[in-house]
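Participant: Sharing a structure, written as structure tokens. Questions coming.
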Amino acid sequence: MADKIITTKENKPAHKKYVLKKRESNNQEGHNYKVNYEKDLNEAQLKAVKVKDGAVLVIAGAGTGKTKTLTYRVARLIEDGVRPDNILLLTFTKKAAAEMLNRATAVLDDRCENVAGGTFHSFANLILRKYSKILGLKNNFTIMDSADAEDVINHITGKLFPKKEKRFPKKSTILEIYSKSVNKETPTQKIIESEFSQFEHCAEQIIEIHKAYVNYKRENSLFDYDDLLLYLKFLMEDHENIRKKLSNQYKYILVDEYQDTNTLQADIVKLLASEHNNVMAVGDDAQSIYSFRGANYRNIMDFPKLFDNVEIIKLEQNYRSTQPILELTNKIIDSAKEKYSKTLFSDKTSDIKPALICAKDSQMEADFICQRVLELLDEDVELSDICVLARNSRMSFNLEIELSKRGIPFQKFGGPKFMETAHIKDIVAHLRVILNPDDEVSLSRILLLLKGVGSQTVNTVIPIIKGMNEFDVKLLPSKKSENFKPLFDVLQKEKLSNHKLEKIVENIVEYYRPILKEKYDDYSKREKDLEHFIYLSTQYTKLDSFLSDLALEPPDRSVEGMYKNNIKDDCLTISTIHSAKGLEWDSVFIIGAVDGRFPSAYSFNSPEEMDEELRLMYVATTRAKNNLYITYPVNMYDYSMDMVLTKPSRFLDNIDDDILEIWDITF
């Protein structure tokens with residue numbers, strides 16, 4: 001299926017052209033609006049909110065009230081007579097959609113509750129389950145997370161190529177190549193040539209694995225994340241009546257964080273808007289930093305080419321940072337090769353300028369940050385309102401040691417995630433088999449938990465029980481049947497029961513507890529996660545909805561991690577810049593800003609990658625409200641390049657001292 005999106009791109013079905021409407025007047029006369037938009041919004045925000053029909057691109061600079069603008073836009077459409085269920089709000093997290101709709105409800109009233117909102121993937125899941133038969137899919141398909149998908153890739157690779165070459169990509173790399181091929185709508189061969197040239201010698205094997213992967217998923221009713229978008233696009237391209245129906249249902253489409261969309265998502269938006277052209281895309285080209293996830297910077301730059309009669313509105317008034325910080329961020333982004341020009345400004349004045357701190361080495365850099373943190377605490381800045389940002393997580397190692405020595409509590413983004421823990425994946429696997437007996441990945445996982453059952457037995461048993469609507473041990477080899485009986489009993493009982501979802505989950509957890517105690521030495525800590533999992537199930541009535549949401553919007557942290565955070569509510573944050581996008585703190589330190597690390601030396605020969613590194617620096621600097629410190633050591637040895645890095649980031653070159661103060665602490 002992956003090749004279809006490539007080979008048919010030039011032969012897309014002809015879509016009925018929409019009729020462009022004249023933009024409605026923004027005049028408020030004659031309409032009694034409940035919300036006082038003129039009072040609550042600045043001039044640019046108001047302009048974006050009042051435009052009703054047509055394609056609009058809102059370039060929302062960092063901290064300029066993007067969420068507020070989208071919220072009021074939804075309210076205004078409803079006050080202008082648009083039915084709430086004709087509005088579709090697409091975001092990148094379920095939390096973001098819920099926040100916007102809750103705020104819209106607070107601004108207007110409960111009419112906003114019927115607005116369709118969610119992530120691209122959750123929207124695709126909803127539509128595909130509705131039209132699954134048309135695509136020849138089973139309605140109870142299972143959505144795999146990336147770990148499950150990697151396991152399938154590994155299984156296929158082992159079957160096809162038991163004796164691999166020494167230089168052969170890992171399962172995660174093979175999956176990444178496949179994902180980029182799908183999301184960028186580019187043949188696998190080209191992805192390998194352009195981004196994974198070290199594996200060109202085994203390109204044919206990788207392509208063969210990809211084809212087998214697509215077939216395996218279809219045979220076992222499995223979807224990975226990319227499939228949700230891929231099949232939604234196929235559905236609308238191949239079935240004109242469904243495309244029209246969806247486009248006429250969602251007459252007004254709003255897309256948040258448009259700079260983070262991939263090629264496939266941009267195509268989906270285009271198809272959804274094919275009957276009316278009413279699309280408002282909100283984003284900031286200067287914050288496009290996720291190309292490694294498949295995000296396509298060209299989407300936001302080429303939006304005026306994708307849609308007709310596009311109006312571009314820029315939000316430039318910043319409500320987060322002081323003017324001195326914004327003068328630095330404006331100067332940094334001015335160097336971008338391609339951009340929508342804008343100048344952020346703020347009413348927040350300050351005499352404190354951002355500072356560039358030159359340290360003798362990484363240890364002195366860590367000492368300075370700890371000392372300055374203690375000084376900020378004396379200035380009544382809360383520890384929870386201080387953050388240290390790094391280009392990558394390894395760069396904060398010395399600092400973490402120094403913070404611990406001084407007893408300064410901190411939390412670091414990027415710990416084990418709830419849905420990635422082995423015990424939670426075990427429980428989910430049992431539930432998936434109840435819903436979809438064809439799910440070979442989950443079947444294999446739960447069988448291997450049984451005593452006396454190994455890979456050889458699993459390979460023998462799965463062909464017998466796969467797809468069973470009734471789990472019957474009598475069908476199994478007699479020597480092993482007793483080992484399977486407790487599992488089959490609980491699966492069969494819950495498959496046929498009329499229990500509420502919470503009760504089904506409770507019964508599976510009770511069955512699993514003895515396995516947990518046998519398998520893990522720290523089972524008592526993990527049991528807290530099981531209780532939390534049961535609690536999560538109480539918020540759902542249907543198993544398929546519960547499992548879909550767990551796959552599409554997984555909880556971030558384990559209960560153990562959440563308890564630790566509750567104990568230390570007031571702690572400093574250490575984060576990568578990618579993880580910090582969308583967040584803000586009073587005081588921000590950007591650590592390790594030495595040329596060769598930030599920007600990374602790997603980006604030196606690629607103008608596109610260098611520009612993304614520049615945008616990454618822009619994102620980092622715009623997280624700060626009042627205090628911004630950029631630190632770099634002048635004696636950092638880089639083992640990969642076998643050289644000492646000594647200069648500050650090139651992105652800070654030629655910035656005047658009246659914008660960026662220079663502090664030298666090397667003496």
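Following the order of the structure tokens, chains are lettered A, B, ..., residues in each are numbered from 1, and ligands are numbered from 1.
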Name the residues in contact with region 102-105 of chain A at a cut-off of 8 Å, using only C-alpha atoms, excluding same-chain residues fewer than 5 positions from it; report them as a PyMOL selection string.
Facilitator: chain A and resi 71-72+74-75+110-113
Participant: Pull N, CA and C atoms from the residues just selected and write them as a PDB file, in the first residue's frame.
Facilitator:
```pdb
ATOM      1  N   THR A  71      -9.411  30.031  19.771  1.00  0.00           N
ATOM      2  CA  THR A  71     -10.579  29.911  20.649  1.00  0.00           C
ATOM      3  C   THR A  71     -11.671  30.894  20.241  1.00  0.00           C
ATOM      4  N   TYR A  72     -11.281  32.139  20.059  1.00  0.00           N
ATOM      5  CA  TYR A  72     -12.256  33.167  19.683  1.00  0.00           C
ATOM      6  C   TYR A  72     -12.746  32.972  18.249  1.00  0.00           C
ATOM      7  N   VAL A  74     -13.367  30.072  16.872  1.00  0.00           N
ATOM      8  CA  VAL A  74     -14.443  29.089  16.980  1.00  0.00           C
ATOM      9  C   VAL A  74     -15.723  29.761  17.479  1.00  0.00           C
ATOM     10  N   ALA A  75     -15.591  30.579  18.521  1.00  0.00           N
ATOM     11  CA  ALA A  75     -16.762  31.258  19.076  1.00  0.00           C
ATOM     12  C   ALA A  75     -17.409  32.181  18.044  1.00  0.00           C
ATOM     13  N   ASP A 110     -22.171  26.544  25.964  1.00  0.00           N
ATOM     14  CA  ASP A 110     -22.011  25.115  25.711  1.00  0.00           C
ATOM     15  C   ASP A 110     -22.256  24.713  24.258  1.00  0.00           C
ATOM     16  N   ARG A 111     -22.578  25.670  23.392  1.00  0.00           N
ATOM     17  CA  ARG A 111     -22.725  25.338  21.969  1.00  0.00           C
ATOM     18  C   ARG A 111     -21.404  24.863  21.376  1.00  0.00           C
ATOM     19  N   CYS A 112     -20.288  25.282  21.966  1.00  0.00           N
ATOM     20  CA  CYS A 112     -18.975  24.898  21.452  1.00  0.00           C
ATOM     21  C   CYS A 112     -18.658  23.431  21.722  1.00  0.00           C
ATOM     22  N   GLU A 113     -19.428  22.799  22.600  1.00  0.00           N
ATOM     23  CA  GLU A 113     -19.152  21.405  22.945  1.00  0.00           C
ATOM     24  C   GLU A 113     -19.333  20.466  21.758  1.00  0.00           C
TER      25      GLU A 113
END
```
Participant: Determine, counting only C-alpha atoms, which protein, DNA and RNA residues have an atom within 7 Å of an atom of region 366-370 of chain A; residues of the same chain fewer than 6 positions away are not included. Present the result as a list in words.
Facilitator: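 Residues meeting the cut-off are Asn398, Leu399, Glu402 and Leu403 of chain A.
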Participant: DSSP says strand (DSSP E) for which residues of region 161-259 of chain A? Put them as a list in words?
Facilitator: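 Filtering region 161-259 of chain A down to strand (DSSP E) leaves Leu222, Phe223, Tyr252, Ile253, Leu254 and Val255 of chain A.
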Participant: Taking all heavy atoms for each residue, export the selection above as a PDB file, in the first residue's frame.
Facilitator:
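So the final result, stored in out39.pdb, reads:
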```pdb
ATOM      1  N   LEU A 222      -3.979  -4.914  11.567  1.00  0.00           N
ATOM      2  CA  LEU A 222      -3.131  -4.028  12.361  1.00  0.00           C
ATOM      3  C   LEU A 222      -2.891  -2.718  11.616  1.00  0.00           C
ATOM      4  O   LEU A 222      -2.706  -2.716  10.400  1.00  0.00           O
ATOM      5  CB  LEU A 222      -1.781  -4.697  12.644  1.00  0.00           C
ATOM      6  CG  LEU A 222      -1.809  -6.002  13.441  1.00  0.00           C
ATOM      7  CD1 LEU A 222      -0.422  -6.635  13.458  1.00  0.00           C
ATOM      8  CD2 LEU A 222      -2.294  -5.759  14.864  1.00  0.00           C
ATOM      9  N   PHE A 223      -2.884  -1.633  12.357  1.00  0.00           N
ATOM     10  CA  PHE A 223      -2.557  -0.314  11.811  1.00  0.00           C
ATOM     11  C   PHE A 223      -1.420   0.272  12.628  1.00  0.00           C
ATOM     12  O   PHE A 223      -1.424   0.167  13.858  1.00  0.00           O
ATOM     13  CB  PHE A 223      -3.759   0.640  11.936  1.00  0.00           C
ATOM     14  CG  PHE A 223      -4.687   0.638  10.765  1.00  0.00           C
ATOM     15  CD1 PHE A 223      -4.838  -0.483   9.966  1.00  0.00           C
ATOM     16  CD2 PHE A 223      -5.438   1.757  10.470  1.00  0.00           C
ATOM     17  CE1 PHE A 223      -5.711  -0.483   8.893  1.00  0.00           C
ATOM     18  CE2 PHE A 223      -6.315   1.774   9.393  1.00  0.00           C
ATOM     19  CZ  PHE A 223      -6.451   0.647   8.602  1.00  0.00           C
ATOM     20  N   TYR A 252     -15.843  24.325   7.936  1.00  0.00           N
ATOM     21  CA  TYR A 252     -14.809  25.253   8.401  1.00  0.00           C
ATOM     22  C   TYR A 252     -13.735  24.446   9.132  1.00  0.00           C
ATOM     23  O   TYR A 252     -14.012  23.794  10.141  1.00  0.00           O
ATOM     24  CB  TYR A 252     -15.400  26.334   9.309  1.00  0.00           C
ATOM     25  CG  TYR A 252     -16.304  27.276   8.558  1.00  0.00           C
ATOM     26  CD1 TYR A 252     -17.662  27.000   8.410  1.00  0.00           C
ATOM     27  CD2 TYR A 252     -15.795  28.426   7.956  1.00  0.00           C
ATOM     28  CE1 TYR A 252     -18.500  27.839   7.682  1.00  0.00           C
ATOM     29  CE2 TYR A 252     -16.614  29.274   7.231  1.00  0.00           C
ATOM     30  CZ  TYR A 252     -17.968  28.979   7.098  1.00  0.00           C
ATOM     31  OH  TYR A 252     -18.777  29.820   6.370  1.00  0.00           O
ATOM     32  N   ILE A 253     -12.529  24.488   8.597  1.00  0.00           N
ATOM     33  CA  ILE A 253     -11.431  23.688   9.134  1.00  0.00           C
ATOM     34  C   ILE A 253     -10.369  24.615   9.721  1.00  0.00           C
ATOM     35  O   ILE A 253      -9.928  25.567   9.068  1.00  0.00           O
ATOM     36  CB  ILE A 253     -10.818  22.804   8.034  1.00  0.00           C
ATOM     37  CG1 ILE A 253     -11.883  21.869   7.457  1.00  0.00           C
ATOM     38  CG2 ILE A 253      -9.636  22.006   8.574  1.00  0.00           C
ATOM     39  CD1 ILE A 253     -11.453  21.155   6.200  1.00  0.00           C
ATOM     40  N   LEU A 254      -9.974  24.327  10.955  1.00  0.00           N
ATOM     41  CA  LEU A 254      -8.914  25.078  11.618  1.00  0.00           C
ATOM     42  C   LEU A 254      -7.790  24.103  11.946  1.00  0.00           C
ATOM     43  O   LEU A 254      -8.037  23.035  12.521  1.00  0.00           O
ATOM     44  CB  LEU A 254      -9.414  25.734  12.911  1.00  0.00           C
ATOM     45  CG  LEU A 254     -10.457  26.855  12.787  1.00  0.00           C
ATOM     46  CD1 LEU A 254     -11.850  26.292  12.596  1.00  0.00           C
ATOM     47  CD2 LEU A 254     -10.441  27.734  14.036  1.00  0.00           C
ATOM     48  N   VAL A 255      -6.567  24.456  11.585  1.00  0.00           N
ATOM     49  CA  VAL A 255      -5.416  23.581  11.831  1.00  0.00           C
ATOM     50  C   VAL A 255      -4.410  24.322  12.696  1.00  0.00           C
ATOM     51  O   VAL A 255      -3.913  25.384  12.319  1.00  0.00           O
ATOM     52  CB  VAL A 255      -4.742  23.136  10.520  1.00  0.00           C
ATOM     53  CG1 VAL A 255      -3.652  22.110  10.814  1.00  0.00           C
ATOM     54  CG2 VAL A 255      -5.761  22.556   9.547  1.00  0.00           C
TER      55      VAL A 255
END
```
Participant: What's the 12 Å shell around Asp472 (chain A), counting only C-alpha atoms, without same-chain residues fewer than 6 positions away, as an NGL selection string?
Facilitator: :A and (461 or 464-466 or 478 or 481-482 or 484-493)
Participant: Contacts of Pro599 (chain A) at 6 Å or less, counting only C-alpha atoms, minus same-chain residues fewer than 3 places along, as a list in words?
Facilitator: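 Final neighbour list, sorted by chain and number: Asp595, Gly596 and Glu613 of chain A.
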Participant: Write the residues you've just listed into a file as a PDB file, in the first residue's frame, and include N, CA and C atoms for each of them.
Facilitator:
```pdb
ATOM      1  N   ASP A 595      29.658  26.337  19.127  1.00  0.00           N
ATOM      2  CA  ASP A 595      29.560  26.002  17.709  1.00  0.00           C
ATOM      3  C   ASP A 595      30.140  24.611  17.467  1.00  0.00           C
ATOM      4  N   GLY A 596      29.367  23.783  16.802  1.00  0.00           N
ATOM      5  CA  GLY A 596      29.738  22.392  16.608  1.00  0.00           C
ATOM      6  C   GLY A 596      28.808  21.474  17.376  1.00  0.00           C
ATOM      7  N   GLU A 613      18.353  24.318  12.596  1.00  0.00           N
ATOM      8  CA  GLU A 613      19.114  24.555  13.833  1.00  0.00           C
ATOM      9  C   GLU A 613      18.919  26.002  14.299  1.00  0.00           C
TER      10      GLU A 613
END
```
Participant: If you measure from CA of Lys245 (chain A) to CA of Lys138 (chain A), what distance in Å do you get, rounded to one decimal?
Facilitator: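 For CA of Lys245 (chain A) relative to CA of Lys138 (chain A), the distance reads 22.0 Å.
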Participant: Within 9 Å of region 628-636 of chain A, counting only C-alpha atoms, which residues qualify if same-chain residues fewer than 5 places away don't, as a tab-separated table (two decimals) with all heavy atoms, in the first residue's frame?
Facilitator:
```tsv
chain	number	residue	atom	x	y	z
A	325	ILE	N	14.46	40.70	25.42
A	325	ILE	CA	14.56	39.31	24.96
A	325	ILE	C	14.08	39.21	23.51
A	325	ILE	O	14.70	38.52	22.69
A	325	ILE	CB	13.75	38.37	25.88
A	325	ILE	CG1	14.44	38.26	27.25
A	325	ILE	CG2	13.59	36.99	25.25
A	325	ILE	CD1	13.67	37.45	28.27
A	353	LYS	N	19.03	42.67	30.14
A	353	LYS	CA	19.27	42.15	28.79
A	353	LYS	C	19.65	40.67	28.86
A	353	LYS	O	20.18	40.19	29.87
A	353	LYS	CB	20.40	42.94	28.12
A	353	LYS	CG	20.07	44.40	27.83
A	353	LYS	CD	21.24	45.06	27.13
A	353	LYS	CE	20.89	46.49	26.72
A	353	LYS	NZ	20.62	47.35	27.90
A	354	PRO	N	19.41	39.93	27.78
A	354	PRO	CA	19.91	38.55	27.72
A	354	PRO	C	21.43	38.55	27.82
A	354	PRO	O	22.09	39.53	27.42
A	354	PRO	CB	19.45	38.07	26.34
A	354	PRO	CG	18.34	38.99	25.94
A	354	PRO	CD	18.67	40.31	26.56
A	355	ALA	N	21.99	37.46	28.34
A	355	ALA	CA	23.44	37.41	28.54
A	355	ALA	C	24.03	36.17	27.90
A	355	ALA	O	23.44	35.09	27.92
A	355	ALA	CB	23.76	37.44	30.03
A	356	LEU	N	25.23	36.33	27.32
A	356	LEU	CA	26.02	35.21	26.79
A	356	LEU	C	27.18	35.00	27.74
A	356	LEU	O	28.01	35.89	27.94
A	356	LEU	CB	26.52	35.53	25.38
A	356	LEU	CG	27.44	34.49	24.75
A	356	LEU	CD1	26.70	33.18	24.52
A	356	LEU	CD2	28.00	35.01	23.42
A	357	ILE	N	27.24	33.82	28.36
A	357	ILE	CA	28.23	33.54	29.40
A	357	ILE	C	29.30	32.61	28.88
A	357	ILE	O	29.00	31.48	28.46
A	357	ILE	CB	27.56	32.95	30.66
A	357	ILE	CG1	26.62	33.97	31.29
A	357	ILE	CG2	28.60	32.50	31.67
A	357	ILE	CD1	25.21	33.90	30.79
A	358	CYS	N	30.53	33.04	28.92
A	358	CYS	CA	31.67	32.24	28.48
A	358	CYS	C	32.31	31.58	29.70
A	358	CYS	O	32.79	32.28	30.61
A	358	CYS	CB	32.68	33.13	27.76
A	358	CYS	SG	34.20	32.28	27.30
A	359	ALA	N	32.28	30.23	29.74
A	359	ALA	CA	32.85	29.48	30.87
A	359	ALA	C	34.10	28.73	30.41
A	359	ALA	O	34.25	28.40	29.24
A	359	ALA	CB	31.82	28.50	31.42
A	360	LYS	N	35.00	28.45	31.37
A	360	LYS	CA	36.26	27.76	31.04
A	360	LYS	C	36.00	26.34	30.54
A	360	LYS	O	36.65	25.89	29.60
A	360	LYS	CB	37.15	27.73	32.28
A	360	LYS	CG	38.51	27.08	32.04
A	360	LYS	CD	39.41	27.20	33.27
A	360	LYS	CE	38.84	26.40	34.45
A	360	LYS	NZ	39.75	26.43	35.63
A	361	ASP	N	35.04	25.65	31.16
A	361	ASP	CA	34.73	24.28	30.77
A	361	ASP	C	33.31	23.95	31.24
A	361	ASP	O	32.62	24.79	31.81
A	361	ASP	CB	35.74	23.29	31.35
A	361	ASP	CG	35.94	23.46	32.85
A	361	ASP	OD1	34.97	23.88	33.53
A	361	ASP	OD2	37.04	23.16	33.34
A	362	SER	N	32.89	22.72	31.00
A	362	SER	CA	31.53	22.31	31.35
A	362	SER	C	31.28	22.36	32.85
A	362	SER	O	30.15	22.63	33.30
A	362	SER	CB	31.25	20.90	30.83
A	362	SER	OG	31.31	20.87	29.43
A	363	GLN	N	32.31	22.10	33.64
A	363	GLN	CA	32.14	22.14	35.10
A	363	GLN	C	31.88	23.57	35.57
A	363	GLN	O	31.00	23.81	36.40
A	363	GLN	CB	33.39	21.58	35.79
A	363	GLN	CG	33.29	21.54	37.32
A	363	GLN	CD	32.09	20.76	37.81
A	363	GLN	OE1	31.84	19.65	37.37
A	363	GLN	NE2	31.31	21.36	38.71
A	364	MET	N	32.65	24.51	35.04
A	364	MET	CA	32.44	25.91	35.41
A	364	MET	C	31.07	26.38	34.93
A	364	MET	O	30.39	27.17	35.60
A	364	MET	CB	33.54	26.81	34.83
A	364	MET	CG	33.38	28.27	35.19
A	364	MET	SD	34.73	29.31	34.58
A	364	MET	CE	35.98	28.97	35.82
A	365	GLU	N	30.66	25.91	33.77
A	365	GLU	CA	29.33	26.23	33.24
A	365	GLU	C	28.25	25.76	34.22
A	365	GLU	O	27.31	26.50	34.54
A	365	GLU	CB	29.15	25.56	31.88
A	365	GLU	CG	27.85	25.86	31.17
A	365	GLU	CD	27.75	25.12	29.85
A	365	GLU	OE1	28.12	23.92	29.81
A	365	GLU	OE2	27.31	25.72	28.86
A	369	ILE	N	25.56	28.09	36.56
A	369	ILE	CA	24.10	27.93	36.51
A	369	ILE	C	23.55	27.69	37.92
A	369	ILE	O	22.55	28.31	38.31
A	369	ILE	CB	23.72	26.79	35.56
A	369	ILE	CG1	24.06	27.18	34.12
A	369	ILE	CG2	22.22	26.46	35.67
A	369	ILE	CD1	23.90	26.05	33.12
A	586	ASP	N	9.93	31.79	33.68
A	586	ASP	CA	10.42	33.13	34.00
A	586	ASP	C	11.87	33.28	33.57
A	586	ASP	O	12.26	34.26	32.93
A	586	ASP	CB	10.31	33.39	35.51
A	586	ASP	CG	10.91	34.72	35.91
A	586	ASP	OD1	10.17	35.72	35.91
A	586	ASP	OD2	12.12	34.77	36.21
A	587	SER	N	12.68	32.29	33.93
A	587	SER	CA	14.12	32.36	33.67
A	587	SER	C	14.58	31.11	32.93
A	587	SER	O	14.27	29.99	33.36
A	587	SER	CB	14.89	32.50	34.98
A	587	SER	OG	14.44	33.64	35.70
A	588	VAL	N	15.33	31.30	31.86
A	588	VAL	CA	15.77	30.18	31.02
A	588	VAL	C	17.27	30.24	30.81
A	588	VAL	O	17.84	31.30	30.51
A	588	VAL	CB	15.04	30.20	29.65
A	588	VAL	CG1	15.67	29.20	28.69
A	588	VAL	CG2	13.55	29.91	29.83
A	589	PHE	N	17.93	29.08	30.98
A	589	PHE	CA	19.34	28.91	30.64
A	589	PHE	C	19.43	28.01	29.41
A	589	PHE	O	18.82	26.95	29.37
A	589	PHE	CB	20.10	28.23	31.78
A	589	PHE	CG	20.15	29.02	33.06
A	589	PHE	CD1	19.10	28.99	33.96
A	589	PHE	CD2	21.26	29.80	33.37
A	589	PHE	CE1	19.14	29.70	35.14
A	589	PHE	CE2	21.31	30.52	34.55
A	589	PHE	CZ	20.25	30.48	35.44
A	590	ILE	N	20.17	28.44	28.41
A	590	ILE	CA	20.45	27.59	27.24
A	590	ILE	C	21.90	27.15	27.38
A	590	ILE	O	22.82	27.95	27.29
A	590	ILE	CB	20.22	28.34	25.92
A	590	ILE	CG1	18.78	28.86	25.85
A	590	ILE	CG2	20.52	27.42	24.73
A	590	ILE	CD1	18.51	29.76	24.66
A	591	ILE	N	22.08	25.86	27.63
A	591	ILE	CA	23.39	25.33	28.00
A	591	ILE	C	24.12	24.75	26.78
A	591	ILE	O	23.50	24.28	25.83
A	591	ILE	CB	23.20	24.24	29.10
A	591	ILE	CG1	24.53	23.87	29.74
A	591	ILE	CG2	22.51	23.01	28.53
A	591	ILE	CD1	24.37	22.97	30.96
A	592	GLY	N	25.45	24.83	26.80
A	592	GLY	CA	26.26	24.19	25.75
A	592	GLY	C	26.11	24.81	24.38
A	592	GLY	O	26.19	24.11	23.37
A	593	ALA	N	25.95	26.14	24.32
A	593	ALA	CA	25.75	26.81	23.04
A	593	ALA	C	27.08	27.07	22.34
A	593	ALA	O	27.43	28.20	22.01
A	593	ALA	CB	24.98	28.11	23.24
A	594	VAL	N	27.83	26.00	22.12
A	594	VAL	CA	29.13	26.10	21.47
A	594	VAL	C	29.00	25.63	20.03
A	594	VAL	O	28.28	24.68	19.73
A	594	VAL	CB	30.18	25.26	22.25
A	594	VAL	CG1	29.79	23.80	22.29
A	594	VAL	CG2	31.57	25.42	21.66
A	595	ASP	N	29.66	26.34	19.13
A	595	ASP	CA	29.56	26.00	17.71
A	595	ASP	C	30.14	24.61	17.47
A	595	ASP	O	31.26	24.32	17.87
A	595	ASP	CB	30.32	27.04	16.88
A	595	ASP	CG	29.75	27.20	15.49
A	595	ASP	OD1	28.54	27.47	15.39
A	595	ASP	OD2	30.51	27.06	14.52
A	621	THR	N	15.18	30.54	22.77
A	621	THR	CA	15.24	31.89	23.34
A	621	THR	C	13.85	32.45	23.63
A	621	THR	O	13.69	33.26	24.55
A	621	THR	CB	16.00	32.85	22.41
A	621	THR	OG1	15.40	32.83	21.11
A	621	THR	CG2	17.46	32.45	22.30
A	623	ARG	N	11.38	30.94	24.92
A	623	ARG	CA	10.73	30.32	26.08
A	623	ARG	C	10.82	31.22	27.31
A	623	ARG	O	10.10	31.01	28.29
A	623	ARG	CB	11.39	28.97	26.43
A	623	ARG	CG	11.38	27.88	25.37
A	623	ARG	CD	10.01	27.63	24.80
A	623	ARG	NE	9.84	28.35	23.56
A	623	ARG	CZ	8.66	28.60	23.00
A	623	ARG	NH1	7.55	28.20	23.60
A	623	ARG	NH2	8.56	29.26	21.87
A	643	MET	N	38.24	17.07	18.02
A	643	MET	CA	38.70	18.45	18.10
A	643	MET	C	38.06	19.15	19.30
A	643	MET	O	37.06	18.69	19.84
A	643	MET	CB	38.36	19.21	16.81
A	643	MET	CG	36.88	19.33	16.52
A	643	MET	SD	36.53	20.16	14.95
A	643	MET	CE	37.19	21.80	15.27
A	644	VAL	N	38.70	20.25	19.71
A	644	VAL	CA	38.19	21.04	20.83
A	644	VAL	C	37.33	22.16	20.28
A	644	VAL	O	37.75	22.91	19.38
A	644	VAL	CB	39.35	21.62	21.67
A	644	VAL	CG1	38.78	22.49	22.78
A	644	VAL	CG2	40.20	20.50	22.25
A	645	LEU	N	36.12	22.27	20.80
A	645	LEU	CA	35.19	23.33	20.38
A	645	LEU	C	35.36	24.51	21.33
A	645	LEU	O	35.33	24.35	22.55
A	645	LEU	CB	33.75	22.81	20.42
A	645	LEU	CG	33.49	21.51	19.64
A	645	LEU	CD1	32.05	21.06	19.82
A	645	LEU	CD2	33.81	21.71	18.16
A	646	THR	N	35.50	25.70	20.76
A	646	THR	CA	35.83	26.86	21.61
A	646	THR	C	34.96	28.09	21.36
A	646	THR	O	34.93	28.99	22.18
A	646	THR	CB	37.30	27.28	21.38
A	646	THR	OG1	37.47	27.63	20.00
A	646	THR	CG2	38.25	26.16	21.74
A	647	LYS	N	34.25	28.14	20.23
A	647	LYS	CA	33.52	29.36	19.87
A	647	LYS	C	32.04	29.26	20.20
A	647	LYS	O	31.46	28.17	20.13
A	647	LYS	CB	33.69	29.64	18.38
A	647	LYS	CG	35.12	29.95	17.96
A	647	LYS	CD	35.19	30.26	16.47
A	647	LYS	CE	36.62	30.59	16.05
A	647	LYS	NZ	36.69	30.89	14.59
A	648	PRO	N	31.41	30.39	20.54
A	648	PRO	CA	29.96	30.35	20.78
A	648	PRO	C	29.22	30.09	19.47
A	648	PRO	O	29.78	30.23	18.38
A	648	PRO	CB	29.65	31.75	21.32
A	648	PRO	CG	30.74	32.62	20.77
A	648	PRO	CD	31.96	31.74	20.71
A	649	SER	N	27.99	29.70	19.59
A	649	SER	CA	27.16	29.40	18.42
A	649	SER	C	27.21	30.52	17.39
A	649	SER	O	27.13	31.70	17.73
A	649	SER	CB	25.71	29.19	18.86
A	649	SER	OG	24.86	29.09	17.74
A	666	THR	N	35.71	33.03	32.79
A	666	THR	CA	36.78	32.05	32.65
A	666	THR	C	37.93	32.30	33.61
A	666	THR	O	38.76	31.43	33.84
A	666	THR	CB	37.35	32.05	31.22
A	666	THR	OG1	37.82	33.37	30.90
A	666	THR	CG2	36.28	31.63	30.23
```
Participant: Using only C-alpha atoms, pick whichever of A:Leu328, A:Val441, A:Leu450, A:Leu57 has the shortest atom-to-atom distance to Pro304 (chain A).
Facilitator: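 Of the candidates, the smallest distance to Pro304 (chain A) is held by A:Leu57.
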Participant: Could you pull out the alpha helix (DSSP H) residues of region 123-352 of chain A, going by DSSP on the backbone, and write them as number ranges by chain?
Facilitator: A: 123-130, 146-160, 171-183, 188-195, 203-219, 225-238, 240-249, 263-272, 297-301, 303-306, 323-333
Participant: I'd like to know which of A:Lys68, A:Arg513, A:Lys405, A:Lys412 is closest to Val107 (chain A), using only C-alpha atoms.
Facilitator: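 The shortest atom-to-atom distance to Val107 (chain A) comes from A:Lys68.
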Participant: Set the distance at 7 Å and use only C-alpha atoms: which residues neighbour region 305-319 of chain A once local chain neighbours fewer than 6 positions away are removed? I'd like the list as a list in words.
Facilitator: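 Here the qualifying residues turn out to be Ala44, Gln45, Ala48, Ala55, Val56, Leu57, Val58, Ile59, Ala60, Gly61, Ala62, Gly63, Thr64, Lys342, Thr343, Leu344, Phe345 and Ser346 of chain A.
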